[in-house]
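Have a look at the structure below, then the notes.
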Amino acid sequence: MATLTYRDALNQALREEMQRDPNVFLMGEEVGVYQGAYKVSRGLLEEFGPMRVVDTPIAELGFAGVGVGAAMAGLRPVIEFMTWNFAVLALDQIVNSAAKLLYESGGQVPIPIVFRGPNGAALQLAAQHSQAWDAWLSHIPGLKVVAPATPADAKGLLKAAIRDNNPVLVLEGEMLYNVKGEVPDGEHVVPIGQADLKRPGRDVTLVCHSKTVAVALKAAEQLAGREGVSAEVLDLRSLRPLDEAAIVASVAHTNRAVVVEEGWPHAGIGAQVVDVIQREAFDHLDAPVLRVTQADVPMPYNKQLERLAKPSPDRVVAAVRRVLYLD
Amino acid sequence: MATSVYMEALSPTMEEGRVVKWHKRDGDPVKAGETLAEVETDKAVMDLVARADGVLRQVAAAEGQTVPVGSVVAVIAAPGEAVGAAPAPAPPPRPAPTPEARERGAVPVGSPVASPTAAADATRVKASPLARRMAREAGVDLKLVTGSGPGGRVVRKDLESARAMPLPVAPPSEPAPAPRPPVVVTQAGAGYADVPLTQIRKTIAKRLATSLGPVPHFFLTTEVDMERAGEARDALNQSLGERGRVSFNDIILKATALALVQHRACNAWFQDDHIRYWDDVHLGMAVAVEDGLITPVIRNADRKSLAELGKAAKELADKARSRRLQPNEYTGSTFSVSNLGMFDIDEFTAVINPPEAGIIAVGSIGQKATVVGGLVTPRRRMRITMSCDHRVIDGATGAAFLRTLKQMLENPLAMLL
Amino acid sequence: MATATVRTASTSALSELERRMLRQMLLIRRFEEKAAEAYALGKIGGFCHLYIGQEAVAVGSLAALRDDDYVISSYREHGQALARGIAPNAVMAELFGKATGCSKGKGGSMHLFDAAKRFLGGHGIVGGHIPLAAGIGFAIRYKGGDQVCICYFGEAAVNIGAFHEALNMASVYKLPVIFCCENNRYGMGTAFERVAAVTDVVEHACSYDMAAELVNGMDVLAVYEATRRAADRARKGGHPTLLEVRTYRYMGHSMSDPLHGVYRTKEEVEEQRKRDPISQLALKLREGGVLDQAGLDALDAEVREEAEQAVRFADQSPDPDPAELLTHVLAD
């Protein structure tokens, strides 16, 4: 067990999987010579050569399609988007090619491909570079979507994604790349579709994923200290498939829930989680489920405004107080 | 945007209400929460309050007029807002879904879905799904639980704190015959008088019809020597002095509650497919009011001291007579007492108050020649007749309870045991 | 298909190739006519884009390729599927949406697949599959194979970004891909010259430093020869080629369009029919004494029966089991 950054945990996963399977290759903008826009691919070009660590033109649609085509012909591509904001240009290949080919071919053409990159806001990158695509991407049957919050989960989920025979989208976080944590050495694969209880509690469930796990944990800390409230933090880890059983089990235990996500409120991941709760845990609910999301606006550049737009521990605490009828 | 003022359902069973008095007149400014009018429900006179700030307009129900729940009786307009001259047409009378159907959110066919602000929601209990489930499992009537959540929502905490005080599943009805003849309004020149049923009379009529008919009654009568109870009352009142008075009725209530603790088989409800035996005693006490009767409930009567019990009985009776009882003060009794002693009735039978399984009818206390120790002496005597629901109470069961009650009254010190 | 022997073919070998190509073109023609009939009878639903008039492109190009090469196409791909050797029964059953279809009834006219024959679709978004072809070429190169991937698309797809991104990457990475543009002059009802600044598609190859050829798409042998040259180039050095094959569709854009429409005249269609690739090849074979009229009639009767048999097969085939709704969303 080593202490690694999230970035290096991803790097380790890539390296180990490329060593393990010669059909795995990495493709994207700046992944090779530049060593990765966020240095996730550091050292890989040197180890695996330019055929397996492929720099591309700035052409998201083109190289996403090249990745899908390579998967159609038997390779296991890992396609890096410099950020998911740019992947919107490649959405046709993700949605119309990667997600559909198995079904419309009647099961003849599996697409074992990983699309990965940082998702959501970082710091003061303004509207076009600060978007969480979780809900958009999770809407599509034929895709799997994971969003690790810790270095260990980053490694384990990326390894699982590369070994999966389906298109798997890995949503990373620019703000998470420097986060450190213990990462199991070698064979550490986190099954896709399993949520993880990051903190057990009694009074309320905080459902979260990716960057909002840290937000929820901080809120839980505050709640325990100031309010004497015991909050349970459930990290979804996978957005599709969603671990409905874990959500229901936790809410059945606490009777209250607040869903925290980085995306916008309208038709967001939280809306899906709330659907699960009202459908499967209705009789366990003691209060309406509340959501904490990004403000329903394009992300502003100004630092103060940006802070206001993002989900924060304070907003989570306020929502928890409401579901506990403390206000 | 003008807000409609609806005739609201101010009691759990109210289907129409009579406007007793308007506190505000057309054109008066009103604030949300202010009393607009007094409304006589089937149980009491309640306040109809404003749900918005503005100016009262288009008062469409005159004092004395009875209108169905859900009817628009006025509107509250924003200051300066022009509203039409004619009152808005009242919606059709709200269908009266069974409480059960309402619980399940069933919408009667042909009836528009009630908007959140509609008066139809006034009787809907707001409760979290968890609270509903807990109430269902514990057999608790959510209507009787005070919700601490937003808008009075009943939440888990409320159910947990109510655990010490079990609450009935459904509001019981009034027992016993009317203590007074109805006020007859004689029509000049006619050989008869048609008297419109008041709200309370309508409810009495409806509820009592569900008792004696469907409930298989039988009756047990015993005569009780009240000499020593009288001595005890006098002694207590002497020692209380200015601090209060204990009445025979208080002693009867206390003895009944304690006897019920010993005879739980009589402290029960008949519930279609099961019998619910209550742990605590919530004693219904029939109170004659003008033009009817009502049965306020003394909660945990078995655990109250005689003085507390007497105080509660007096307060409830006063409230009942002034028609100011809140719904939770006249629902949920486990057994009832009807006392017509003050009307010089020797003995009578009372009608059971479903789902309760029993009621005692208490007659007047009078001097009777009694054989005591072989001598004929005058003693204060009183007759009690118990009405039993045979589905719950058998003859011997009822008789055993009655014997305990008699012993306690004849030897009040036994109540201390 | 043994291309190496054909290149140094004797006259008789060439005749045999031409005879085979004539039969394939005829089969496609008769198959599409039956498909049009079935569509009119409501047996085929949705969109159905017929290939009548363009038969020489699919037949000539695929005759020049090997069985282990890859084929990928747009939504006007019935002809390529048949020329690739997918059984007419399986193709027609797919158009009918039947369980016996080559995509199990889940793809339909626009999504014909046969992975065993390396026929990888049938893609419905204009230009969307061109980068996929580059990816297949990438995989070939990655594995060190000498296969090629041929990618069919219409001239209207040239205006979309995916075309340019894919051609650029194919050239940069030296991918063994033949980009075969079937220029039938109309994108739905819009004449190419009305919406394209550069109307000779081959010229786009200059932008990507790519080999290119302009080909007469009504001459099956010309298509065959051009494809063979492109395949050689790809196999030897991994170089891609852009082929612009000038062809013509006699039918509407899809079955929901009129035959001529308002965007072209009946006379224009009649004029083009005089260059019909099947008639031209039949004439050549007759004049060369390879096939007499009786032989031609017999060939035609044979493929007509094959097309009719395909309709009977499709008609009699079962619908997919309702449980199929939920299968193949994800692979195991």
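Ligands are numbered from 1 in the order shown, residues from 1 within each chain, and chains are lettered A, B, ... in the order they appear in the structure tokens.
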Considering only C-alpha atoms, extract the chain A residues located within 10 Å of chain C and return them as number ranges by chain. A: 22-23, 25, 51-52, 54, 56-77, 90, 92-93, 96-97, 99-112, 141-144, 164-167
Mind listing as a VMD selection string which residues of chain A are within 10 Å of chain B, counting only C-alpha atoms? chain A and resid 252 255 to 256 278 281 to 288 322 to 327
Which residues are close to A:Pro50, i.e. within 10 Å by only C-alpha atoms, leaving aside same-chain residues fewer than 6 positions away? Reply as a count of residues only. 6
